[in-house]
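Enquirer: Please find start-v5.cif (mmCIF, C-alpha atoms) on the next line:
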data_protein
loop_
_atom_site.label_atom_id
_atom_site.label_comp_id
_atom_site.auth_asym_id
_atom_site.auth_seq_id
_atom_site.Cartn_x
_atom_site.Cartn_y
_atom_site.Cartn_z
CA MET A 5 6.13 27.46 -3.70
CA GLU A 6 5.55 24.17 -1.92
CA THR A 7 4.09 21.43 -4.06
CA TYR A 8 3.14 17.85 -3.27
CA THR A 9 3.55 14.50 -4.96
CA ASP A 10 1.15 11.71 -4.04
CA VAL A 11 3.10 8.60 -3.11
CA LEU A 12 2.03 5.01 -2.39
CA LEU A 13 4.41 2.65 -0.57
CA VAL A 14 3.46 -1.03 -0.25
CA THR A 15 5.22 -3.91 1.47
CA ALA A 16 4.19 -7.52 0.90
CA ASN A 17 5.66 -10.83 1.98
CA VAL A 18 4.41 -12.85 -0.99
CA GLY A 19 5.88 -16.26 -0.09
CA SER A 20 2.50 -17.94 0.37
CA LEU A 21 1.28 -16.49 -2.92
CA PHE A 22 3.77 -18.75 -4.68
CA ASP A 23 3.29 -21.70 -2.36
CA ASN A 24 -0.43 -21.65 -3.32
CA VAL A 25 0.22 -20.94 -6.97
CA GLY A 26 -2.57 -19.14 -8.75
CA GLU A 27 -5.26 -19.53 -6.09
CA ILE A 28 -4.87 -16.16 -4.44
CA GLU A 29 -3.17 -14.08 -7.11
CA SER A 30 -6.13 -12.58 -8.97
CA ASP A 31 -7.79 -11.35 -5.75
CA TRP A 32 -4.44 -10.10 -4.51
CA LEU A 33 -3.89 -8.06 -7.67
CA ARG A 34 -7.45 -6.72 -7.60
CA GLU A 35 -6.85 -5.37 -4.08
CA LEU A 36 -3.56 -3.77 -5.13
CA PHE A 37 -5.06 -2.12 -8.23
CA GLY A 38 -8.11 -0.96 -6.27
CA THR A 39 -5.81 0.80 -3.81
CA VAL A 40 -3.90 2.43 -6.67
CA GLN A 41 -7.17 3.62 -8.20
CA SER A 42 -8.56 5.06 -4.96
CA HIS A 43 -5.39 6.86 -3.84
CA LYS A 44 -4.22 7.96 -7.32
CA PRO A 45 -0.48 8.12 -6.54
CA ARG A 46 2.05 9.48 -9.00
CA PHE A 47 4.90 7.45 -7.56
CA ILE A 48 4.46 3.84 -6.38
CA ALA A 49 7.01 1.69 -4.58
CA LEU A 50 6.23 -2.01 -4.08
CA HIS A 51 8.59 -3.98 -1.83
CA PHE A 52 8.24 -7.76 -1.91
CA GLN A 53 9.86 -10.35 0.35
CA GLU A 54 10.11 -14.13 -0.08
CA VAL A 55 9.78 -13.96 -3.85
CA GLY A 56 9.26 -17.54 -5.04
CA GLY A 57 8.06 -18.77 -1.64
CA LYS A 58 9.56 -21.62 0.35
CA ASP A 59 9.84 -23.83 -2.70
CA TYR A 60 11.57 -21.13 -4.72
CA MET A 61 13.46 -23.52 -7.00
CA VAL A 62 10.11 -24.72 -8.36
CA ASN A 63 8.14 -21.48 -8.15
CA MET A 64 10.55 -18.83 -9.42
CA GLY A 65 9.08 -18.96 -12.93
CA HIS A 66 5.69 -18.15 -11.49
CA ALA A 67 7.22 -15.21 -9.64
CA GLU A 68 8.40 -13.65 -12.91
CA ASN A 69 4.89 -14.08 -14.25
CA PHE A 70 3.46 -12.34 -11.18
CA PHE A 71 5.68 -9.29 -11.70
CA TRP A 72 4.79 -9.22 -15.37
CA ASN A 73 1.06 -9.30 -14.48
CA ILE A 74 1.53 -6.15 -12.41
CA GLU A 75 3.76 -4.38 -14.88
CA SER A 76 1.69 -5.09 -17.98
CA SER A 77 -1.72 -4.53 -16.40
CA GLU A 78 -4.24 -2.11 -17.80
CA GLU A 79 -4.46 -0.45 -14.36
CA MET A 80 -0.79 0.58 -14.49
CA ARG A 81 -0.75 1.86 -18.07
CA ASP A 82 -0.44 5.54 -17.06
CA PHE A 83 2.85 4.81 -15.31
CA ASP A 84 5.25 5.25 -18.19
CA ARG A 85 8.51 4.62 -16.32
CA VAL A 86 9.23 1.48 -14.36
CA CYS A 87 12.23 0.25 -12.39
CA ILE A 88 12.17 -3.41 -11.32
CA TYR A 89 14.76 -5.30 -9.28
CA VAL A 90 14.14 -8.96 -8.51
CA ASP A 91 16.80 -11.01 -6.76
CA ASN A 92 15.78 -14.51 -7.83
CA HIS A 93 19.22 -16.08 -8.36
CA PHE A 94 18.82 -18.77 -5.71
CA LYS A 95 21.85 -20.75 -6.86
CA ASN A 96 24.01 -17.93 -5.55
CA VAL A 97 23.52 -18.99 -1.93
CA ASP A 98 25.81 -16.35 -0.42
CA SER A 99 23.88 -13.44 -1.86
CA PHE A 100 20.30 -14.64 -2.52
CA THR A 101 17.78 -12.51 -0.60
CA ALA A 102 14.48 -13.28 -2.48
CA LEU A 103 13.71 -9.54 -2.39
CA GLY A 104 11.90 -7.78 -5.21
CA SER A 105 11.33 -4.04 -5.57
CA MET A 106 9.14 -2.37 -8.22
CA TYR A 107 8.85 1.38 -8.76
CA PHE A 108 6.26 3.03 -11.01
CA ILE A 109 6.35 6.64 -12.14
CA HIS A 110 3.21 8.31 -13.50
CA LYS A 111 3.37 10.08 -16.85
CA SER A 112 2.40 13.36 -15.14
CA LEU A 113 5.47 13.25 -12.86
CA LYS A 114 8.22 15.06 -14.68
CA ASN A 115 11.29 15.52 -12.53
CA ILE A 116 12.44 12.21 -11.20
CA TYR A 117 15.99 11.00 -10.79
CA GLN A 118 17.60 7.83 -9.54
CA TYR A 119 20.99 7.45 -7.91
CA ASP A 120 23.76 5.45 -9.52
CA PHE A 121 25.88 4.10 -6.65
CA ASN A 122 28.78 3.46 -9.01
CA VAL A 123 29.22 6.95 -10.50
CA LYS A 124 27.80 8.51 -7.29
CA ASP A 125 25.39 10.75 -9.14
CA PHE A 126 21.69 11.04 -9.97
CA LYS A 127 20.35 10.35 -13.45
CA ALA A 128 16.92 11.07 -14.92
CA VAL A 129 14.69 7.97 -15.00
CA SER A 130 13.35 6.96 -18.38
CA GLY A 131 11.66 3.93 -19.90
CA GLN A 132 11.43 0.40 -18.52
CA ASN A 133 14.37 -0.67 -16.39
CA LYS A 134 14.07 -4.31 -15.48
CA TYR A 135 16.67 -6.36 -13.65
CA VAL A 136 15.85 -9.93 -12.76
CA GLY A 137 18.54 -12.36 -11.63
CA SER A 138 21.51 -12.05 -9.31
CA LEU A 139 21.53 -8.22 -9.73
CA ASP A 140 25.32 -8.27 -9.74
CA GLY A 141 26.59 -5.20 -11.53
CA VAL A 142 23.27 -3.33 -11.29
CA THR A 143 24.42 0.12 -10.16
CA THR A 144 21.08 1.80 -9.35
CA MET A 145 20.49 -0.34 -6.27
CA GLU A 146 22.46 -1.74 -3.36
CA LYS A 147 21.60 -5.10 -1.89
CA GLU A 148 23.08 -7.08 0.93
CA LYS A 149 22.35 -10.36 2.61
CA PHE A 150 23.01 -10.30 6.35
CA PRO A 151 26.48 -11.65 7.14
CA LYS A 152 26.57 -15.27 8.24
CA ASN A 153 28.55 -14.55 11.39
CA PHE A 154 25.68 -12.45 12.76
CA TRP A 155 23.79 -15.49 13.99
CA PRO A 156 26.04 -18.53 14.22
CA ASP A 157 23.32 -20.60 15.95
CA PHE A 158 20.58 -20.02 13.41
CA LYS A 159 19.79 -21.62 10.13
CA TRP A 160 21.01 -19.05 7.66
CA SER A 161 18.16 -17.84 5.52
CA ARG A 162 17.34 -15.44 2.70
CA LYS A 163 17.19 -12.27 4.75
CA GLY A 164 18.71 -8.91 3.93
CA PHE A 165 17.94 -5.52 2.46
CA MET A 166 17.86 -3.69 -0.87
CA ARG A 167 18.08 0.06 -1.26
CA THR A 168 17.35 2.55 -4.02
CA ARG A 169 17.80 6.31 -3.87
CA TRP A 170 15.59 8.91 -5.57
CA ILE A 171 14.98 12.58 -6.17
CA ILE A 172 11.34 13.50 -6.74
CA HIS A 173 11.31 17.11 -7.93
CA ASN A 174 14.08 18.19 -5.61
CA GLN A 175 13.34 16.04 -2.60
CA GLY A 176 15.83 13.22 -2.15
CA LEU A 177 14.95 9.98 -0.38
CA ASP A 178 16.13 6.43 0.23
CA LEU A 179 13.69 3.54 -0.15
CA VAL A 180 14.85 0.35 1.57
CA ASN A 181 13.29 -3.10 1.21
CA VAL A 182 13.96 -5.11 4.38
CA HIS A 183 13.43 -8.70 5.52
CA LEU A 184 14.49 -9.55 9.08
CA PHE A 185 14.67 -12.87 10.96
CA HIS A 186 11.57 -14.72 12.14
CA ASP A 187 10.84 -16.55 15.40
CA ALA A 188 11.85 -20.16 14.78
CA SER A 189 10.16 -21.49 17.94
CA ASN A 190 7.24 -20.10 19.92
CA LEU A 191 8.63 -21.81 23.02
CA ILE A 192 12.05 -20.17 22.75
CA ALA A 193 10.30 -16.85 22.11
CA CYS A 194 8.65 -17.24 25.53
CA ASN A 195 11.93 -17.73 27.41
CA ALA A 196 12.82 -14.10 27.88
CA SER A 197 11.57 -10.58 27.40
CA PRO A 198 12.78 -9.40 24.95
CA SER A 199 13.25 -12.76 23.24
CA ILE A 200 16.51 -13.89 21.68
CA TYR A 201 14.86 -13.48 18.26
CA SER A 202 13.87 -9.93 19.06
CA ALA A 203 17.49 -9.19 20.04
CA ASN A 204 18.63 -10.61 16.69
CA ARG A 205 16.20 -8.45 14.75
CA GLN A 206 17.31 -5.42 16.69
CA LYS A 207 20.92 -6.10 15.76
CA ALA A 208 19.99 -6.60 12.10
CA LEU A 209 17.91 -3.42 11.94
CA ARG A 210 20.71 -1.38 13.54
CA TYR A 211 23.01 -2.81 10.90
CA VAL A 212 20.69 -1.70 8.08
CA ILE A 213 20.24 1.78 9.54
CA ASN A 214 24.00 2.17 9.99
CA ARG A 215 24.65 0.98 6.44
CA ILE A 216 22.22 3.49 4.91
CA SER A 217 23.45 6.33 7.13
CA GLU A 218 27.16 5.90 6.39
CA SER A 219 29.08 8.96 5.51
CA SER A 220 30.19 7.72 2.07
CA TYR A 221 26.87 9.05 0.72
CA THR A 222 24.99 12.13 1.83
CA PRO A 223 22.37 10.93 4.32
CA LEU A 224 18.84 11.45 3.02
CA PRO A 225 15.40 10.95 4.56
CA PHE A 226 14.60 7.25 4.34
CA PHE A 227 11.63 4.90 4.31
CA LEU A 228 12.31 1.35 5.47
CA PHE A 229 9.50 -0.98 4.52
CA GLY A 230 9.32 -4.71 4.51
CA ASP A 231 8.76 -7.74 6.70
CA PHE A 232 10.53 -6.84 9.94
CA ASN A 233 9.11 -9.96 11.57
CA PHE A 234 8.46 -7.90 14.70
CA ARG A 235 6.57 -10.08 17.20
CA LEU A 236 4.64 -9.32 20.33
CA ASP A 237 6.54 -9.68 23.59
CA THR A 238 5.20 -13.20 24.13
CA LEU A 239 6.53 -13.69 27.66
CA SER A 240 4.76 -10.52 28.90
CA LEU A 241 1.60 -11.60 27.08
CA VAL A 242 1.69 -15.05 28.73
CA GLN A 243 2.43 -13.49 32.14
CA ASN A 244 -0.52 -11.17 31.73
CA LEU A 245 -2.82 -14.05 30.80
CA SER A 246 -1.56 -16.14 33.68
CA THR A 247 -2.92 -13.71 36.26
CA SER A 248 -6.28 -15.34 35.52
CA ALA A 249 -4.98 -18.78 34.59
CA GLU A 250 -2.70 -21.55 35.80
CA VAL A 251 0.40 -22.00 33.68
CA GLN A 252 1.80 -25.48 33.21
CA THR A 253 4.99 -26.30 31.37
CA VAL A 254 5.18 -29.81 29.98
CA LYS A 255 8.70 -31.17 29.52
CA LYS A 256 9.97 -34.00 27.35
CA ASP A 257 10.73 -37.07 29.42
CA SER A 258 14.17 -37.66 28.07
CA SER A 259 15.54 -34.13 28.32
CA ASN A 260 14.61 -31.16 30.42
CA GLU A 261 13.37 -29.39 27.31
CA VAL A 262 9.98 -27.68 27.41
CA GLU A 263 7.57 -29.24 24.94
CA LYS A 264 4.38 -27.29 25.71
CA ILE A 265 3.13 -24.35 27.71
CA ILE A 266 -0.53 -24.61 28.69
CA CYS A 267 -2.56 -21.87 30.41
CA GLU A 268 -5.79 -23.18 31.98
CA GLU A 269 -8.56 -21.06 33.43
CA LYS A 270 -8.65 -21.26 37.23
CA ASP A 271 -12.43 -21.71 37.48
CA ASN A 272 -14.31 -25.00 37.39
CA ASP A 273 -14.24 -25.47 33.62
CA HIS A 274 -10.44 -25.43 33.46
CA LYS A 275 -10.77 -24.30 29.88
CA ILE A 276 -7.49 -24.12 28.03
CA LEU A 277 -6.91 -20.43 27.38
CA LEU A 278 -3.59 -20.74 25.61
CA HIS A 279 -1.58 -23.66 24.27
CA ILE A 280 1.93 -23.03 22.96
CA GLU A 281 4.30 -25.43 21.21
CA THR A 282 7.23 -24.83 18.86
CA LYS A 283 4.90 -24.06 15.95
CA LEU A 284 1.56 -23.80 17.73
CA PHE A 285 0.00 -20.75 19.34
CA ALA A 286 -3.64 -21.48 20.09
CA TYR A 287 -5.44 -18.78 22.04
CA LEU A 288 -9.07 -19.30 23.03
CA HIS A 289 -10.17 -15.71 22.49
CA GLN A 290 -8.69 -15.06 19.04
CA ALA A 291 -11.08 -12.15 18.55
CA VAL A 292 -8.86 -9.97 20.78
CA PHE A 293 -6.41 -9.77 17.87
CA ARG A 294 -9.09 -8.47 15.50
CA GLU A 295 -11.43 -6.40 17.69
CA ASP A 296 -10.71 -2.70 17.59
CA ASN A 297 -7.75 -3.51 15.31
CA GLY A 298 -5.98 -5.41 18.08
CA ARG A 299 -5.63 -2.25 20.17
CA ALA A 300 -5.69 -4.26 23.44
CA ILE A 301 -2.48 -6.10 22.50
CA LEU A 302 -0.67 -3.24 20.78
CA LYS A 303 1.16 -2.54 24.05
CA TYR A 304 3.09 -5.81 23.57
CA ASP A 305 4.44 -4.56 20.25
CA LYS A 306 7.72 -3.29 21.68
CA GLU A 307 10.45 -4.01 19.18
CA ILE A 308 10.37 -0.59 17.54
CA ALA A 309 10.78 1.21 20.87
CA ALA A 310 14.55 0.67 20.83
CA PHE A 311 14.76 2.76 17.65
CA GLN A 312 12.79 5.85 18.64
CA ASP A 313 15.96 7.92 18.31
CA VAL A 314 16.21 7.24 14.57
CA ILE A 315 12.86 5.88 13.42
CA ALA A 316 9.25 7.05 13.35
CA GLU A 317 6.05 5.35 12.27
CA GLU A 318 2.50 6.47 11.61
CA GLU A 319 -0.09 5.30 14.13
CA ILE A 320 -1.10 1.64 13.70
CA LEU A 321 -4.88 1.45 13.27
CA PHE A 322 -5.05 -1.97 11.62
CA PRO A 323 -5.02 -5.54 12.98
CA PRO A 324 -1.83 -7.67 13.08
CA SER A 325 -0.66 -8.40 9.52
CA TYR A 326 0.36 -12.05 10.17
CA PRO A 327 -0.33 -15.07 10.23
CA TYR A 328 -3.62 -15.15 8.33
CA SER A 329 -5.29 -18.35 7.22
CA GLU A 330 -4.38 -19.38 3.68
CA ASP A 331 -7.88 -20.81 3.25
CA TYR A 332 -9.53 -18.30 0.92
CA THR A 333 -12.90 -18.78 2.67
CA LYS A 334 -11.41 -17.45 5.96
CA PRO A 335 -9.81 -14.14 5.00
CA THR A 336 -9.97 -12.54 8.46
CA GLN A 337 -8.97 -15.56 10.52
CA TYR A 338 -5.50 -16.10 11.96
CA MET A 339 -3.72 -19.44 11.81
CA ASN A 340 -2.83 -20.89 15.18
CA THR A 341 0.83 -21.36 14.27
CA ARG A 342 2.18 -18.08 15.65
CA CYS A 343 1.04 -15.27 17.88
CA PRO A 344 -0.58 -12.68 15.56
CA SER A 345 1.83 -9.75 15.17
CA TRP A 346 2.48 -6.59 13.19
CA CYS A 347 5.34 -8.04 11.13
CA ASP A 348 4.88 -5.92 8.03
CA ARG A 349 5.62 -2.24 8.58
CA ILE A 350 6.49 1.03 6.95
CA LEU A 351 9.05 2.85 9.08
CA MET A 352 10.80 6.12 8.34
CA SER A 353 13.49 8.45 9.54
CA HIS A 354 12.35 11.51 11.48
CA THR A 355 13.49 13.57 8.50
CA ALA A 356 11.16 11.53 6.27
CA GLN A 357 8.23 12.07 8.62
CA ASP A 358 8.90 15.81 8.30
CA ILE A 359 8.39 15.74 4.52
CA ILE A 360 4.95 14.11 4.75
CA HIS A 361 2.35 16.77 4.12
CA ARG A 362 -0.30 17.00 6.86
CA ARG A 363 -3.56 18.68 5.98
CA ASP A 364 -5.36 20.95 8.37
CA GLU A 365 -6.87 19.69 11.59
CA GLY A 366 -9.26 16.85 11.21
CA GLU A 367 -8.58 15.90 7.62
CA SER A 368 -5.70 13.51 7.25
CA SER A 369 -4.13 12.90 3.90
CA VAL A 370 -2.05 10.06 5.36
CA VAL A 371 -3.37 6.48 5.27
CA TYR A 372 -1.47 3.61 6.91
CA ASN A 373 -3.37 0.33 6.57
CA ILE A 374 -3.48 -3.27 5.41
CA LEU A 375 -4.45 -4.30 1.88
CA GLY A 376 -7.30 -6.76 1.46
CA PRO A 377 -8.71 -6.83 5.00
CA ASN A 378 -11.62 -9.04 3.87
CA VAL A 379 -9.90 -11.00 1.11
CA CYS A 380 -7.42 -13.87 1.38
CA MET A 381 -4.02 -12.32 0.59
CA GLY A 382 -1.94 -15.25 1.90
CA ASP A 383 -0.43 -15.51 5.38
CA HIS A 384 0.74 -11.87 5.36
CA LYS A 385 -1.61 -8.99 4.60
CA PRO A 386 0.34 -6.37 2.63
CA VAL A 387 0.68 -2.99 4.37
CA PHE A 388 0.58 0.37 2.58
CA LEU A 389 1.23 4.02 3.30
CA SER A 390 -0.39 6.66 1.12
CA PHE A 391 0.68 10.27 1.59
CA ALA A 392 1.53 13.52 -0.11
CA LEU A 393 5.28 14.11 -0.19
CA LYS A 394 6.38 17.73 0.13
CA THR A 395 8.32 18.47 -3.06
CA ASN A 396 9.47 21.84 -4.19
CA GLY A 397 9.16 22.18 -7.89
CA HIS A 398 6.70 22.51 -10.70
#
Show how you would write the structure in this file as structure tokens.
Expert:
Amino acid sequence: METYTDVLLVTANVGSLFDNVGEIESDWLRELFGTVQSHKPRFIALHFQEVGGKDYMVNMGHAENFFWNIESSEEMRDFDRVCIYVDNHFKNVDSFTALGSMYFIHKSLKNIYQYDFNVKDFKAVSGQNKYVGSLDGVTTMEKEKFPKNFWPDFKWSRKGFMRTRWIIHNQGLDLVNVHLFHDASNLIACNASPSIYSANRQKALRYVINRISESSYTPLPFFLFGDFNFRLDTLSLVQNLSTSAEVQTVKKDSSNEVEKIICEEKDNDHKILLHIETKLFAYLHQAVFREDNGRAILKYDKEIAAFQDVIAEEEILFPPSYPYSEDYTKPTQYMNTRCPSWCDRILMSHTAQDIIHRRDEGESSVVYNILGPNVCMGDHKPVFLSFALKTNGH
């Protein structure tokens, strides 16, 4: 007999939560708990990136408090088993990823096992399993920071992945927390299509997929969720805009380096449609990113296309998840620092998509959306996937 287990997966880049300590957190948690209450999952996976924020040496204590506030909350009391992995050992520069993964198992969910990568076998999950620190010697997860030699020209940062492996009833799956490289400069991002940054992310994502598909372990269906930093194909976007506008590139006097790209309307007003600098992306009609969930610009979201052979995704029906204003009075407004993009995603193997239960025509039991659409959640809106997992068992 086929049975189902309701699952909630959430990814959240929480860096700005710690950079604005305390201001956003209570609203953020209310949104998370509200989603748990409305979807009533029996298994929850929360994947966090940028734990501790930019100033992690100062803020790491607050991060531990944040995890404790989730774990000890009244709303989570019916989840009697918890597994927490927080890589907050920033002094260990070669391995620090700032990733945190939390897994909650409801008291009604009986058969759940976690893989021990050391003894290469599954063990029943019980109690509270909390690992905070360097995570060295923790055998129920694998974590890796991307090798330095991947990107010799880039400032090496806390990017990598962390994987755990589960059996729910008798359905095995891999859950992988991922953080890929960002666009350092909007101007460099405009140089080519795809951009050099996009090529880097592609290389990193291939690396992760290859690592979790290696033959040393039986391949299982997998969910990859995190901050992939996928960006819109900015050059194509600018080219499209420039059909109705004049594009000027302003160069620095001393060198031949581009300092600004300015698109002006061709009519009498010469309104500035778009102004791009290294860390500025100011577009006159910002509403296009929000209206109809950004559907008009979804065609520029191309980075996943290279992975169609191995990866699937539910349809995106929500606006770009980044970069939202950190002003709590402007929860739906984007900052003009970057082109709004769907950075935060929940991707899956084709085998994982096959074990998502679809109800009959018309009624979908699958929800893929952002958390806190009308509340300030920091510069990234968390993204969640709620679904019923096909599990055979009692």
Enquirer: Taking the file as I've supplied it (selection: the PyMOL selection byres ((chain A and resi 120) around 10)), which residues are included? Please answer as a PyMOL selection string.
Expert: chain A and resi 117-119+121-127+142-146+168-170
Enquirer: Any chance you can output those residues with C-alpha atoms as an mmCIF file, in the coordinates of the input?
Expert:
data_model
loop_
_atom_site.group_PDB
_atom_site.id
_atom_site.type_symbol
_atom_site.label_atom_id
_atom_site.label_comp_id
_atom_site.auth_asym_id
_atom_site.auth_seq_id
_atom_site.Cartn_x
_atom_site.Cartn_y
_atom_site.Cartn_z
ATOM 1 C CA TYR A 117 15.990 11.000 -10.790
ATOM 2 C CA GLN A 118 17.600 7.830 -9.540
ATOM 3 C CA TYR A 119 20.990 7.450 -7.910
ATOM 4 C CA PHE A 121 25.880 4.100 -6.650
ATOM 5 C CA ASN A 122 28.780 3.460 -9.010
ATOM 6 C CA VAL A 123 29.220 6.950 -10.500
ATOM 7 C CA LYS A 124 27.800 8.510 -7.290
ATOM 8 C CA ASP A 125 25.390 10.750 -9.140
ATOM 9 C CA PHE A 126 21.690 11.040 -9.970
ATOM 10 C CA LYS A 127 20.350 10.350 -13.450
ATOM 11 C CA VAL A 142 23.270 -3.330 -11.290
ATOM 12 C CA THR A 143 24.420 0.120 -10.160
ATOM 13 C CA THR A 144 21.080 1.800 -9.350
ATOM 14 C CA MET A 145 20.490 -0.340 -6.270
ATOM 15 C CA GLU A 146 22.460 -1.740 -3.360
ATOM 16 C CA THR A 168 17.350 2.550 -4.020
ATOM 17 C CA ARG A 169 17.800 6.310 -3.870
ATOM 18 C CA TRP A 170 15.590 8.910 -5.570
#
Enquirer: Residue by residue, what does the PyMOL selection byres ((chain A and resi 43) around 12) grab here? Present the result as a tab-separated table (two decimals) with C-alpha atoms, in the frame of the given file.
Expert:
chain	number	residue	atom	x	y	z
A	9	THR	CA	3.55	14.50	-4.96
A	10	ASP	CA	1.15	11.71	-4.04
A	11	VAL	CA	3.10	8.60	-3.11
A	12	LEU	CA	2.03	5.01	-2.39
A	13	LEU	CA	4.41	2.65	-0.57
A	36	LEU	CA	-3.56	-3.77	-5.13
A	37	PHE	CA	-5.06	-2.12	-8.23
A	38	GLY	CA	-8.11	-0.96	-6.27
A	39	THR	CA	-5.81	0.80	-3.81
A	40	VAL	CA	-3.90	2.43	-6.67
A	41	GLN	CA	-7.17	3.62	-8.20
A	42	SER	CA	-8.56	5.06	-4.96
A	44	LYS	CA	-4.22	7.96	-7.32
A	45	PRO	CA	-0.48	8.12	-6.54
A	46	ARG	CA	2.05	9.48	-9.00
A	47	PHE	CA	4.90	7.45	-7.56
A	48	ILE	CA	4.46	3.84	-6.38
A	369	SER	CA	-4.13	12.90	3.90
A	370	VAL	CA	-2.05	10.06	5.36
A	371	VAL	CA	-3.37	6.48	5.27
A	372	TYR	CA	-1.47	3.61	6.91
A	388	PHE	CA	0.58	0.37	2.58
A	389	LEU	CA	1.23	4.02	3.30
A	390	SER	CA	-0.39	6.66	1.12
A	391	PHE	CA	0.68	10.27	1.59
A	392	ALA	CA	1.53	13.52	-0.11
Enquirer: Rounded to one decimal, what separation in Å do you get between CA of Met166 (chain A) and CA of Asp348 (chain A)?
Expert: 15.9 Å
Enquirer: What is the distance between CA of Leu179 (chain A) and CA of Arg167 (chain A), in Å to one decimal?
Expert: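 Straight-line distance from CA of Leu179 (chain A) to CA of Arg167 (chain A) works out to 5.7 Å.
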Enquirer: Pick out the residues sitting within 7 Å of Ala316 (chain A), and hand them over as JSON, numbers by chain; count all atoms listed in the file, and ignore anything fewer than 6 positions along from it in its own chain.
Expert: {"A": [351, 352, 353, 354, 357]}
Enquirer: Run the PyMOL selection byres ((chain A and resi 209-215) around 12) on the file and write out the hits as JSON, numbers by chain.
Expert: {"A": [146, 147, 148, 149, 150, 151, 154, 163, 164, 165, 166, 167, 178, 179, 180, 181, 182, 183, 184, 185, 202, 203, 204, 205, 206, 207, 208, 216, 217, 218, 219, 220, 221, 223, 224, 225, 226, 227, 228, 229, 230, 231, 232, 233, 234, 307, 308, 310, 311, 312, 313, 314, 315, 351, 352, 353]}
Enquirer: Between A:Ser246, A:Ser329, A:Thr15, A:Thr355, which is the closest to Ile28 (chain A) once you count all atoms listed in the file?
Expert: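 Of all the options, A:Ser329 lies closest to Ile28 (chain A).
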Enquirer: Considering only C-alpha atoms, state which residue in the set A:His279, A:Lys114, A:Arg299, A:Arg81 is at the smallest distance from Asn174 (chain A).
Expert: A:Lys114
Enquirer: Go through A:Ala291, A:Ile301, A:Leu277, A:Ala188 one by one, measure the shortest atom-to-atom distance of each to Ser240 (chain A) using all atoms listed in the file, and give the residue with the smallest value.
Expert: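 Of A:Ala291, A:Ile301, A:Leu277, A:Ala188, the one nearest Ser240 (chain A), counting all atoms listed in the file, is A:Ile301.
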Enquirer: Between CA of Gly65 (chain A) and CA of Pro377 (chain A), measure the distance and give it in Å to one decimal.
Expert: 28.0 Å
Enquirer: Nearest to Ser20 (chain A) among A:Leu191, A:Val55, A:Val242, A:Leu33, with distances taken over only C-alpha atoms: which residue is it?
Expert: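 That would be A:Val55, the residue with the smallest distance to Ser20 (chain A).
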Enquirer: Looking at all atoms listed in the file, which of A:Ser199, A:Asp31, A:Ala128, A:Asn133 is the one that sits closest to Ile171 (chain A)?
Expert: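 When distances to Ile171 (chain A) are compared using all atoms listed in the file, the smallest one comes from A:Ala128.
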Enquirer: Could you pull out every residue with an atom within 12 Å of (-10.7, -5.4, 20.6), file coordinates, counting only C-alpha atoms, and send them as a PyMOL selection string?
Expert: chain A and resi 289-302+321-324
Enquirer: Smallest atom-to-atom distance to Met61 (chain A): which of A:Ile360, A:Val251, A:Ala102, A:Ile280, using only C-alpha atoms?
Expert: A:Ala102
Enquirer: Do you have, as a tab-separated table, the list of residues of region 102-199 of chain A lying at most 12 Å from region 255-274 of chain A, each with its nearest atom pair and that distance in Å to one decimal, counting all atoms listed in the file and ordered by chain then number?
Expert:
residue	atom	partner	partner_atom	distance
A:Ser189	CA	A:Glu263	CA	10.8
A:Asn190	CA	A:Lys264	CA	9.7
A:Leu191	CA	A:Lys264	CA	7.4
A:Ile192	CA	A:Val262	CA	9.1
A:Ala193	CA	A:Ile265	CA	11.8
A:Cys194	CA	A:Ile265	CA	9.3
A:Asn195	CA	A:Val262	CA	10.1
Enquirer: Since fewer atoms than expected are present, regenerate N, CA and C atoms for region 86-94 of chain A and write them as a short mmCIF file (atom, residue, chain, number, x, y, z; two decimals), in the coordinates of the input.
Expert:
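Dumped everything to result.cif:
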data_model
loop_
_atom_site.label_atom_id
_atom_site.label_comp_id
_atom_site.auth_asym_id
_atom_site.auth_seq_id
_atom_site.Cartn_x
_atom_site.Cartn_y
_atom_site.Cartn_z
N VAL A 86 9.24 2.56 -15.34
CA VAL A 86 9.23 1.48 -14.36
C VAL A 86 10.66 1.05 -14.06
N CYS A 87 10.94 0.83 -12.77
CA CYS A 87 12.23 0.25 -12.39
C CYS A 87 11.94 -1.00 -11.55
N ILE A 88 12.46 -2.13 -11.99
CA ILE A 88 12.17 -3.41 -11.32
C ILE A 88 13.49 -4.11 -10.98
N TYR A 89 13.58 -4.57 -9.73
CA TYR A 89 14.76 -5.30 -9.28
C TYR A 89 14.28 -6.56 -8.57
N VAL A 90 14.55 -7.71 -9.14
CA VAL A 90 14.14 -8.96 -8.51
C VAL A 90 15.35 -9.85 -8.32
N ASP A 91 15.67 -10.13 -7.06
CA ASP A 91 16.80 -11.01 -6.76
C ASP A 91 16.26 -12.44 -6.70
N ASN A 92 16.33 -13.15 -7.82
CA ASN A 92 15.78 -14.51 -7.83
C ASN A 92 16.85 -15.55 -8.13
N HIS A 93 18.13 -15.18 -8.01
CA HIS A 93 19.22 -16.08 -8.36
C HIS A 93 19.56 -16.97 -7.17
N PHE A 94 18.70 -17.97 -6.94
CA PHE A 94 18.82 -18.77 -5.71
C PHE A 94 20.05 -19.66 -5.68
#
